[in-house]
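Enquirer: My file is coords.pdb. It has PDB, C-alpha atoms:
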ATOM      1  CA  MET G  29       2.266 -12.883   6.835  1.00  0.00           C
ATOM      2  CA  LEU G  30       4.622  -9.901   7.100  1.00  0.00           C
ATOM      3  CA  ALA G  31       6.769 -11.166   4.224  1.00  0.00           C
ATOM      4  CA  GLU G  32       3.624 -11.641   2.131  1.00  0.00           C
ATOM      5  CA  LYS G  33       2.461  -8.094   2.873  1.00  0.00           C
ATOM      6  CA  GLU G  34       5.913  -6.749   2.010  1.00  0.00           C
ATOM      7  CA  ALA G  35       5.835  -8.643  -1.302  1.00  0.00           C
ATOM      8  CA  ILE G  36       2.388  -7.233  -2.106  1.00  0.00           C
ATOM      9  CA  GLU G  37       3.537  -3.731  -1.130  1.00  0.00           C
ATOM     10  CA  SER G  38       6.517  -4.063  -3.457  1.00  0.00           C
ATOM     11  CA  LYS G  39       4.235  -5.127  -6.325  1.00  0.00           C
ATOM     12  CA  VAL G  40       1.855  -2.227  -5.629  1.00  0.00           C
ATOM     13  CA  LYS G  41       4.734   0.263  -5.669  1.00  0.00           C
ATOM     14  CA  ASN G  42       5.973  -1.158  -8.979  1.00  0.00           C
ATOM     15  CA  LEU G  43       2.501  -0.864 -10.511  1.00  0.00           C
ATOM     16  CA  ILE G  44       2.182   2.712  -9.284  1.00  0.00           C
ATOM     17  CA  GLU G  45       5.506   3.490 -10.961  1.00  0.00           C
ATOM     18  CA  GLN G  46       4.103   2.062 -14.208  1.00  0.00           C
ATOM     19  CA  VAL G  47       0.986   4.276 -14.202  1.00  0.00           C
ATOM     20  CA  ARG G  48       2.796   7.320 -12.849  1.00  0.00           C
ATOM     21  CA  PRO G  49       4.073   8.635 -16.244  1.00  0.00           C
ATOM     22  CA  TYR G  50       0.475   8.842 -17.514  1.00  0.00           C
ATOM     23  CA  LEU G  51      -0.491  11.041 -14.585  1.00  0.00           C
ATOM     24  CA  GLN G  52       2.660  13.124 -14.950  1.00  0.00           C
ATOM     25  CA  GLN G  53       1.808  13.814 -18.611  1.00  0.00           C
ATOM     26  CA  ASP G  54      -1.222  15.722 -17.359  1.00  0.00           C
ATOM     27  CA  GLY G  55       0.693  17.561 -14.631  1.00  0.00           C
ATOM     28  CA  GLY G  56      -0.240  15.239 -11.797  1.00  0.00           C
ATOM     29  CA  ASP G  57       1.484  12.622  -9.718  1.00  0.00           C
ATOM     30  CA  ILE G  58       0.764   9.788  -7.319  1.00  0.00           C
ATOM     31  CA  ARG G  59       2.532   8.692  -4.148  1.00  0.00           C
ATOM     32  CA  PHE G  60       2.136   5.381  -2.329  1.00  0.00           C
ATOM     33  CA  VAL G  61       1.236   5.879   1.341  1.00  0.00           C
ATOM     34  CA  GLU G  62       0.329   2.477   2.824  1.00  0.00           C
ATOM     35  CA  ILE G  63      -1.575  -0.767   2.614  1.00  0.00           C
ATOM     36  CA  THR G  64      -4.078  -1.126   5.433  1.00  0.00           C
ATOM     37  CA  GLU G  65      -4.801  -4.350   7.324  1.00  0.00           C
ATOM     38  CA  ASP G  66      -7.935  -4.882   5.211  1.00  0.00           C
ATOM     39  CA  MET G  67      -5.856  -4.654   1.991  1.00  0.00           C
ATOM     40  CA  GLN G  68      -6.818  -1.138   0.973  1.00  0.00           C
ATOM     41  CA  VAL G  69      -4.077   0.821  -0.773  1.00  0.00           C
ATOM     42  CA  ASN G  70      -3.875   4.454   0.279  1.00  0.00           C
ATOM     43  CA  VAL G  71      -2.215   6.896  -2.111  1.00  0.00           C
ATOM     44  CA  GLU G  72      -1.792  10.628  -2.329  1.00  0.00           C
ATOM     45  CA  LEU G  73      -2.629  12.418  -5.570  1.00  0.00           C
ATOM     46  CA  THR G  74      -0.593  15.566  -6.109  1.00  0.00           C
ATOM     47  CA  GLY G  75      -0.134  18.290  -8.688  1.00  0.00           C
ATOM     48  CA  ALA G  76      -2.993  18.585 -11.160  1.00  0.00           C
ATOM     49  CA  CYS G  77      -4.428  15.278  -9.885  1.00  0.00           C
ATOM     50  CA  GLY G  78      -4.920  16.755  -6.441  1.00  0.00           C
ATOM     51  CA  SER G  79      -7.426  19.305  -7.745  1.00  0.00           C
ATOM     52  CA  CYS G  80      -8.770  17.665 -10.908  1.00  0.00           C
ATOM     53  CA  PRO G  81     -12.501  16.870 -10.843  1.00  0.00           C
ATOM     54  CA  TYR G  82     -11.760  13.650 -12.768  1.00  0.00           C
ATOM     55  CA  SER G  83      -9.108  12.406 -10.342  1.00  0.00           C
ATOM     56  CA  THR G  84     -11.517   9.970  -8.652  1.00  0.00           C
ATOM     57  CA  MET G  85     -12.370   8.433 -12.028  1.00  0.00           C
ATOM     58  CA  THR G  86      -8.677   8.219 -12.912  1.00  0.00           C
ATOM     59  CA  LEU G  87      -7.945   6.616  -9.566  1.00  0.00           C
ATOM     60  CA  LYS G  88     -10.724   4.020  -9.794  1.00  0.00           C
ATOM     61  CA  ASN G  89     -10.712   3.271 -13.528  1.00  0.00           C
ATOM     62  CA  GLY G  90      -6.968   3.510 -14.060  1.00  0.00           C
ATOM     63  CA  VAL G  91      -4.920   2.934 -10.954  1.00  0.00           C
ATOM     64  CA  GLU G  92      -7.295   0.689  -8.976  1.00  0.00           C
ATOM     65  CA  ASN G  93      -8.160  -1.514 -11.968  1.00  0.00           C
ATOM     66  CA  THR G  94      -4.480  -1.942 -12.844  1.00  0.00           C
ATOM     67  CA  ILE G  95      -3.531  -2.883  -9.289  1.00  0.00           C
ATOM     68  CA  ARG G  96      -6.514  -5.168  -8.633  1.00  0.00           C
ATOM     69  CA  LYS G  97      -6.023  -6.992 -11.931  1.00  0.00           C
ATOM     70  CA  ALA G  98      -2.417  -7.793 -10.982  1.00  0.00           C
ATOM     71  CA  ILE G  99      -3.021  -8.289  -7.243  1.00  0.00           C
ATOM     72  CA  PRO G 100      -6.548  -9.620  -6.568  1.00  0.00           C
ATOM     73  CA  GLU G 101      -5.985  -9.488  -2.783  1.00  0.00           C
ATOM     74  CA  ILE G 102      -6.192  -5.691  -2.919  1.00  0.00           C
ATOM     75  CA  LYS G 103      -9.746  -4.569  -2.098  1.00  0.00           C
ATOM     76  CA  SER G 104      -9.529  -0.931  -3.201  1.00  0.00           C
ATOM     77  CA  VAL G 105      -7.280   2.044  -3.871  1.00  0.00           C
ATOM     78  CA  GLU G 106      -8.189   5.261  -2.103  1.00  0.00           C
ATOM     79  CA  ALA G 107      -6.739   8.764  -2.299  1.00  0.00           C
ATOM     80  CA  ILE G 108      -6.295   9.985   1.255  1.00  0.00           C
ATOM     81  CA  ASN G 109      -6.143  13.613   0.182  1.00  0.00           C
ATOM     82  CA  LEU G 110      -9.450  13.819  -1.741  1.00  0.00           C
TER
END
Written as structure tokens, how would this file's structure read?

Expert:
Amino acid sequence: MLAEKEAIESKVKNLIEQVRPYLQQDGGDIRFVEITEDMQVNVELTGACGSCPYSTMTLKNGVENTIRKAIPEIKSVEAINL
């Protein structure tokens, strides 16, 4: 189970790296924090994303959809600093 979680974590980190340039274009950034036992991905939004009123929409519509499409086991993506 640990190896499976590590493989999923690696995939999540790779996906975050793929969406990261889009956030950086707008002055923001995203940092992977952890995957919880119930398969929730916790991230930290920084820069412009940390204070943008649309950051929740970006997180859910962009980042979460991208990750869940590639890794159906993931239940949600949450920003721990919002």

Enquirer: Just the residues within 9 Å of Ile102 of chain G, please, counting all atoms listed in the file, with nothing from its chain fewer than 4 positions along; format it as a short mmCIF file (atom, residue, chain, number, x, y, z; two decimals) with C-alpha atoms, in the coordinates of the input.

Expert:
data_model
loop_
_atom_site.label_atom_id
_atom_site.label_comp_id
_atom_site.auth_asym_id
_atom_site.auth_seq_id
_atom_site.Cartn_x
_atom_site.Cartn_y
_atom_site.Cartn_z
CA ILE G 36 2.39 -7.23 -2.11
CA ILE G 63 -1.58 -0.77 2.61
CA ASP G 66 -7.94 -4.88 5.21
CA MET G 67 -5.86 -4.65 1.99
CA GLN G 68 -6.82 -1.14 0.97
CA VAL G 69 -4.08 0.82 -0.77
CA GLU G 92 -7.30 0.69 -8.98
CA ILE G 95 -3.53 -2.88 -9.29
CA ARG G 96 -6.51 -5.17 -8.63
#

Enquirer: Have a look at atom CA of Ser38 of chain G and atom CA of Thr74 of chain G and let me know their distance in Å, one decimal.

Expert: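 Pair atom CA of Ser38 of chain G / atom CA of Thr74 of chain G returns 21.0 Å.
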
Enquirer: When you count only C-alpha atoms, which of these residues is closest to Gly90 of chain G: G:Lys103, G:Lys39, G:Arg48, G:Lys33?

Expert: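 Using only C-alpha atoms, the shortest distance to Gly90 of chain G belongs to G:Arg48.
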
Enquirer: Could you tell me which of G:Ser104, G:Asn89, G:Asn109, G:Gln53 comes closest to Glu72 of chain G if we count all atoms listed in the file?

Expert: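 With all atoms listed in the file as the atom set, the closest residue is G:Asn109.
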
Enquirer: Pick out the closest residue to Leu73 of chain G from this set: G:Leu51, G:Ile108, G:Ile58, G:Met85. Count only C-alpha atoms.

Expert: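 Using only C-alpha atoms, Leu73 of chain G sits closest to G:Ile58.
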
Enquirer: Rounded to one decimal in Å, what is the spacing between atom CA of Glu106 of chain G and atom CA of Leu30 of chain G?

Expert: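 Those two atoms sit 21.9 Å apart.
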
Enquirer: If I wrap all listed atoms of segment 63-74 of chain G in a box with edges along x, y and z and add 3 Å on each side, what are its centre and edge lengths in Å to one decimal, as AutoDock Vina command-line options?

Expert:
--center_x -4.3 --center_y 5.3 --center_z 0.6 --size_x 13.3 --size_y 26.4 --size_z 19.4

Enquirer: Atom CA of Asp57 of chain G and atom CA of Glu45 of chain G, how far apart in Å?

Expert: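 Computing it gives 10.1 Å between the two atoms.
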
Enquirer: With only C-alpha atoms as the atoms that count, which of G:Val105, G:Arg59, G:Thr64, G:Asp54 lies nearest to Tyr82 of chain G?

Expert: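 Result for the nearest residue to Tyr82 of chain G: G:Asp54.
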
Enquirer: Could you pull the residues within 6 Å of Val71 of chain G, counting all atoms listed in the file, minus those fewer than 6 positions along the same chain, as a ChimeraX atom specification?

Expert: /G:59-61,107

Enquirer: Of the candidates G:Gln46, G:Gly75, G:Glu37, G:Ala31, which shows the shortest atom-to-atom distance to Val91 of chain G, using all atoms listed in the file?

Expert: G:Gln46

Enquirer: In terms of the shortest atom-to-atom distance over all atoms listed in the file, which of G:Gly56, G:Tyr50, G:Thr94, G:Glu101 is closest to Cys80 of chain G?

Expert: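 So, comparing all the options, the nearest one is G:Gly56.
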